[in-house]
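**Q** Take this structure first; my questions come after.
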Amino acid sequence: MLRLEKTKENQSDILSLFGEVDASNSVILDEAIQELVASGTKSLVIDGKNLEYISSAGLGVFMSYLEDFQDQEISMKICELTPRVFEVFRILGLDQLIPIYPDRAAAFAE
Amino acid sequence: MVKLPPIHIGKLSVLLAILVWLGLLFVDLVRLFGIINEMDSGISDEITWILEILFFFTLYGFYNYSVGKNIQGDFVNLLWRAASTGIFATGIAVITELFYISMGDSKLATEPFLKNFFYHVNFALTAIFLISSALLWKHLILYQKNKKVVQQWQTFEFAMLLAMFFVFFNKNNFDYSFLFAMVILFAITIVLSGNLKWIPYLTFKEKWKSLLFLFLILVCTGYLFRRLLAYGEAEIYQVNLTDNLFLMALFMFIFTYALFSFLVTLFNLPTSSVFEQKLTEAINFQRLSQSIQPDDDEEQVLDILLDSCMSASYSDGAWIEINPEGQNEGINQLRFLDEATKGELSELIKTQKSAIGWASTDQPEMLQPLLVRLEHPRYESTLLIPLVINKVAIGRMVLCKEVRDGFNKEMVNIISTFVRQACIAVENHRLLNQAIQNERYQEELKIAQRVQKALLPAKLDHPDQFDICAFSNAADEVGGDYYDTYKLDENRYVLIIGDVSGKGTSAAFHMAQMKGVFQSLIQLNLSPAQFMIKANSALSKCLERNHFITASIFLINIAEQKICHSRAGHVPTLFYKAKEAKSDYLFFDGLGLGILRNKQYENHVQEETFTYESGDILVLITDGIVEAKNQKGQQFGFERIRSLVEIHHTKSPKEIQNQLIDSLHVFVGGDGMIEDDYSMMVVKFQNSLAQTNQ
């Protein structure tokens, strides 16, 4: 089960994830990010405080935007990942490509 | 040995009947001769009666046999048999009567022997007519029989049997006992005559024929009865054969049943079309439910549906409209209307408020048929019926009549039933086709599964210096995990494990690509980091945008006892050091393949070299094992793998692998499914020197 919540804070679009991202619902995450891009966001913060699990299909969604965001100068940050989910990002090496912060304040500070 | 010819009951009983009748004639004539010549012939009345009863029995035997054999529910034919026998008997009786009238008072007319002979002939024919008719009536009465009717009939037969012997008791007198017996038999006759279930099954035409035949039977019965009564009054016939309770009761039975049948058939005439209509509807209903076979067309069902509904409602025109977005656009069913009239009517229906609301409902499964009045010069009323398949309205059927308010509640009900049945037939047809399709896909997947199994190595290359085993399991039929081994030269071996993101068919295709890329690159004798860089650039060109691959590569040099390792986003490998009796996951930076699809990737991949010793163990895994969840949602995790390997480090790779898989299954729970593909490869280094020294 995955639930998404979109808010705005500090001139950034916050996308909060609740539950699990797997092959069956990664499309929902993809659509949400697409919508935000279409709305013209320049700063996107993914809040992973309540994200319990992310499968490789979910990681694939973030990965697929890396180049586009670089071209369009959109910044994507991830904050407050649980240790288990952070471990998944770290093993794959995505932490080298997407900045990951311990909390929102740190994310905004950059 | 003498072989007896097979006994033919029909012929035998005819022969017997003729013999008995001749005997009867002979006995009576002899007696008459005696009386005329004032001699005592010594033949008592009882002999005549016995012969008479025997005659009845043989007739009964013959007709019971012949009627039972030939009648197969054809009622008109059955009535014709009775009527023709009656006409024949009556004809002979009329001819004899005319003969005597024409003779007047001549000598021949008063000749007692000749008169007696004719009397016997008429008696025989009348008995034949009555007994054969009675047996034909039996078939009519017992049509769609139940236990009660059969009991009634048996009672009647038994009573008639008694009536045959009544003559011995009554001596042919018309007294109170005779009357009493007649009343009882009449009561049974009336009860039996209520069984007229065959009449509704006659068509209109058959009913007219039946009426004619029944009328003939009534006339014949009446005439023969009058004739026999006339004989009875004449003194010349010494022993009265016909004032017999059995014959009288039969007359009464034949006449009453024929009369009842005649009247009921007559009054059934006006409603017979309704019954025929209902029968057609039942047959149509059956056709609708049976019509569709897997190869057939849905249009065929709609065709039958339209015809059935038109006949059920006496419609003057009809058509079926299929919604344009459906799969059956080609269907165009039109009856007794041309396209222009259909267009006019469609336009008129569109102007009706009720029809607009009806058509735009969002709950098609709740939709009822709609009656609409039209201001059309010819068709004044229409009925709209939705065709709803699987809760989706695929179209509608429109029935038109030339009269105002032409559709009543019964018609609407039966049409709704027809439509429901047709829709179910179409739905079943679609489901069946779908099931066949699915089965084909299953077959295809099984083939894919076999092909993919063949992509994994059947035999793993390894020298004596290390033992190795591997295992892979896909969550679906096919998966995205891959492992392989490669012998570079006598001293150098390569181990590879890889995992495509996602699972199922798409992952399986990428897995095949991965194998191709790895197998080509491995021959280039690259360092592990260089291998990953080349693999990344090759795979970046063929992976889908949101897919990536993780992999680990180990280059083992058995001469130097060194391992060079690079990791591309893959789950860290567990390395057990025998000397320290502890294990660690080999973790350092390394980005998955296909994530950065440009030169920058080179900055994100590393390699490390380390030495190994005898007894050390490498456990290569994919994330399916680490992330396998139990019922509480806990993951199997890295620590469980580590402690299991430490506990079982003395065992062979195969045993360690089995231990890990068993623990994994126990952890997930008896019938729990592991949601991702999972694979592992276990390597254990051995003391090759010790082995060679031995």
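All residue names refer to the structure tokens as shown: chains lettered A, B, ... in order, residues numbered from 1 in each chain, ligands numbered from 1 in order.
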Counting only C-alpha atoms, what is within 12 Å of Ile47 in chain B, bar same-chain residues fewer than 3 positions away, as a list of chain:residue names?

**A**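 In the requested format, the answer is B:Val20, B:Gly23, B:Leu24, B:Leu25, B:Phe26, B:Val27, B:Asp28, B:Arg31, B:Gly42, B:Ile43, B:Ser44, B:Ile50, B:Leu51, B:Glu52, B:Ile53, B:Leu54, B:Val167, B:Phe168, B:Val239, B:Leu241.
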
**Q** Pull out every residue of chain B sitting within 6 Å of chain A, counting only C-alpha atoms, and send them as a list in words.

**A** Ser501, Gly502, Arg545, Asn546, His547, Gly569, Gly590, Leu591 and Gly592 of chain B

**Q** Rounded to one decimal in Å, what is the spacing between CA of Ile617 in chain B and CA of Ile558 in chain B?

**A**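 Interatomic distance, CA of Ile617 in chain B to CA of Ile558 in chain B: 14.2 Å.
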
**Q** If you run DSSP on this backbone, which residues of range 302-492 of chain B come out as alpha helix (DSSP H), and could you give them as number ranges by chain?

**A** B: 302-313, 339-351, 353-359, 409-455

**Q** Residues of the last selection are to be written out with C-alpha atoms, as a PDB file, in the first residue's frame.

**A**
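Below you can see selection14.pdb, which holds the result:
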```pdb
ATOM      1  CA  LEU B 302     -28.374 -11.466 -31.202  1.00  0.00           C
ATOM      2  CA  ASP B 303     -30.028 -12.756 -34.357  1.00  0.00           C
ATOM      3  CA  ILE B 304     -31.944 -15.431 -32.453  1.00  0.00           C
ATOM      4  CA  LEU B 305     -32.704 -12.922 -29.697  1.00  0.00           C
ATOM      5  CA  LEU B 306     -34.271 -10.434 -32.089  1.00  0.00           C
ATOM      6  CA  ASP B 307     -36.415 -13.083 -33.786  1.00  0.00           C
ATOM      7  CA  SER B 308     -37.530 -14.547 -30.465  1.00  0.00           C
ATOM      8  CA  CYS B 309     -38.466 -11.164 -29.036  1.00  0.00           C
ATOM      9  CA  MET B 310     -40.334 -10.147 -32.168  1.00  0.00           C
ATOM     10  CA  SER B 311     -42.418 -13.300 -32.155  1.00  0.00           C
ATOM     11  CA  ALA B 312     -43.054 -12.993 -28.414  1.00  0.00           C
ATOM     12  CA  SER B 313     -44.389  -9.459 -28.750  1.00  0.00           C
ATOM     13  CA  GLU B 339     -32.595   2.168 -42.944  1.00  0.00           C
ATOM     14  CA  ALA B 340     -34.569   5.361 -43.605  1.00  0.00           C
ATOM     15  CA  THR B 341     -37.449   4.344 -41.340  1.00  0.00           C
ATOM     16  CA  LYS B 342     -34.985   3.230 -38.699  1.00  0.00           C
ATOM     17  CA  GLY B 343     -33.364   6.672 -38.886  1.00  0.00           C
ATOM     18  CA  GLU B 344     -36.723   8.431 -38.565  1.00  0.00           C
ATOM     19  CA  LEU B 345     -37.664   6.298 -35.573  1.00  0.00           C
ATOM     20  CA  SER B 346     -34.268   6.814 -33.926  1.00  0.00           C
ATOM     21  CA  GLU B 347     -34.675  10.572 -34.257  1.00  0.00           C
ATOM     22  CA  LEU B 348     -38.178  10.398 -32.787  1.00  0.00           C
ATOM     23  CA  ILE B 349     -36.961   8.314 -29.849  1.00  0.00           C
ATOM     24  CA  LYS B 350     -34.218  10.877 -29.212  1.00  0.00           C
ATOM     25  CA  THR B 351     -36.814  13.612 -28.783  1.00  0.00           C
ATOM     26  CA  LYS B 353     -37.533  12.961 -22.540  1.00  0.00           C
ATOM     27  CA  SER B 354     -37.815   9.574 -20.869  1.00  0.00           C
ATOM     28  CA  ALA B 355     -35.569   7.954 -23.472  1.00  0.00           C
ATOM     29  CA  ILE B 356     -32.860  10.572 -23.007  1.00  0.00           C
ATOM     30  CA  GLY B 357     -32.711  10.027 -19.264  1.00  0.00           C
ATOM     31  CA  TRP B 358     -32.892   6.293 -19.816  1.00  0.00           C
ATOM     32  CA  ALA B 359     -29.955   6.252 -22.198  1.00  0.00           C
ATOM     33  CA  LYS B 409     -46.518  -6.477 -19.038  1.00  0.00           C
ATOM     34  CA  GLU B 410     -46.270 -10.165 -19.963  1.00  0.00           C
ATOM     35  CA  MET B 411     -44.501  -9.342 -23.221  1.00  0.00           C
ATOM     36  CA  VAL B 412     -42.046  -7.051 -21.461  1.00  0.00           C
ATOM     37  CA  ASN B 413     -41.362  -9.767 -18.902  1.00  0.00           C
ATOM     38  CA  ILE B 414     -40.692 -12.490 -21.422  1.00  0.00           C
ATOM     39  CA  ILE B 415     -38.558 -10.153 -23.555  1.00  0.00           C
ATOM     40  CA  SER B 416     -36.506  -9.153 -20.508  1.00  0.00           C
ATOM     41  CA  THR B 417     -35.918 -12.817 -19.795  1.00  0.00           C
ATOM     42  CA  PHE B 418     -34.853 -13.443 -23.378  1.00  0.00           C
ATOM     43  CA  VAL B 419     -32.449 -10.526 -23.281  1.00  0.00           C
ATOM     44  CA  ARG B 420     -30.953 -11.621 -19.967  1.00  0.00           C
ATOM     45  CA  GLN B 421     -30.435 -15.122 -21.296  1.00  0.00           C
ATOM     46  CA  ALA B 422     -28.846 -13.848 -24.499  1.00  0.00           C
ATOM     47  CA  CYS B 423     -26.549 -11.535 -22.570  1.00  0.00           C
ATOM     48  CA  ILE B 424     -25.484 -14.385 -20.310  1.00  0.00           C
ATOM     49  CA  ALA B 425     -24.783 -16.490 -23.389  1.00  0.00           C
ATOM     50  CA  VAL B 426     -22.630 -13.739 -24.887  1.00  0.00           C
ATOM     51  CA  GLU B 427     -20.874 -13.188 -21.572  1.00  0.00           C
ATOM     52  CA  ASN B 428     -20.119 -16.885 -21.199  1.00  0.00           C
ATOM     53  CA  HIS B 429     -18.871 -16.925 -24.753  1.00  0.00           C
ATOM     54  CA  ARG B 430     -16.481 -14.090 -24.032  1.00  0.00           C
ATOM     55  CA  LEU B 431     -15.288 -15.685 -20.791  1.00  0.00           C
ATOM     56  CA  LEU B 432     -14.666 -18.949 -22.565  1.00  0.00           C
ATOM     57  CA  ASN B 433     -12.635 -17.248 -25.279  1.00  0.00           C
ATOM     58  CA  GLN B 434     -10.709 -15.425 -22.596  1.00  0.00           C
ATOM     59  CA  ALA B 435     -10.008 -18.674 -20.781  1.00  0.00           C
ATOM     60  CA  ILE B 436      -8.697 -20.228 -23.980  1.00  0.00           C
ATOM     61  CA  GLN B 437      -6.504 -17.198 -24.574  1.00  0.00           C
ATOM     62  CA  ASN B 438      -5.189 -17.355 -21.002  1.00  0.00           C
ATOM     63  CA  GLU B 439      -4.358 -20.985 -21.391  1.00  0.00           C
ATOM     64  CA  ARG B 440      -2.298 -20.137 -24.445  1.00  0.00           C
ATOM     65  CA  TYR B 441      -0.433 -17.451 -22.529  1.00  0.00           C
ATOM     66  CA  GLN B 442       0.256 -19.952 -19.764  1.00  0.00           C
ATOM     67  CA  GLU B 443       1.747 -22.298 -22.323  1.00  0.00           C
ATOM     68  CA  GLU B 444       3.909 -19.512 -23.703  1.00  0.00           C
ATOM     69  CA  LEU B 445       5.108 -18.656 -20.210  1.00  0.00           C
ATOM     70  CA  LYS B 446       6.023 -22.278 -19.585  1.00  0.00           C
ATOM     71  CA  ILE B 447       8.159 -22.211 -22.707  1.00  0.00           C
ATOM     72  CA  ALA B 448       9.744 -18.948 -21.532  1.00  0.00           C
ATOM     73  CA  GLN B 449      10.459 -20.586 -18.189  1.00  0.00           C
ATOM     74  CA  ARG B 450      12.220 -23.492 -19.879  1.00  0.00           C
ATOM     75  CA  VAL B 451      14.256 -21.184 -22.088  1.00  0.00           C
ATOM     76  CA  GLN B 452      15.273 -19.072 -19.129  1.00  0.00           C
ATOM     77  CA  LYS B 453      16.337 -22.073 -17.057  1.00  0.00           C
ATOM     78  CA  ALA B 454      18.668 -22.890 -19.918  1.00  0.00           C
ATOM     79  CA  LEU B 455      20.276 -19.433 -19.614  1.00  0.00           C
TER      80      LEU B 455
END
```

**Q** If you run DSSP on this backbone, which residues of range 257-389 of chain B come out as strand (DSSP E), and could you give them as a list in words?

**A**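 Selection result, strand (DSSP E) within range 257-389 of chain B: Gly317, Ala318, Trp319, Ile320, Glu321, Ile322, Gln333, Leu334, Arg335, Leu370, Leu371, Val372, Arg373, Ser381, Thr382, Leu383, Leu384, Ile385, Pro386, Leu387, Val388 and Ile389 of chain B.
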
**Q** Measuring atom to atom with only C-alpha atoms, identify which of B:Ala109, B:Val403, B:Val14, B:Ala393 is nearest to Asp316 in chain B.

**A**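 Of B:Ala109, B:Val403, B:Val14, B:Ala393, the one nearest Asp316 in chain B is B:Val403, counting only C-alpha atoms.
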
**Q** For Ala581 in chain B, which of B:Gln290, B:Asn598, B:Thr650, B:Gln144 is the closest residue, counting only C-alpha atoms?

**A**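 Looking only at the distances to Ala581 in chain B, the closest residue turns out to be B:Thr650.
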
**Q** Would you compute the distance between CA of Leu81 in chain A and CA of Lys629 in chain B? Give it in Å to one decimal.

**A**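 Distance reported for this atom pair: 19.7 Å.
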
**Q** Quick one, how far is CA of Asn332 in chain B from CA of Thr280 in chain B?

**A** 24.7 Å

**Q** Give the answer as one residue: which of B:Ile625, B:Ala512, B:Ile497, B:Leu140 has the shortest atom-to-atom distance to Ala475 in chain B, using only C-alpha atoms?

**A** B:Ile625
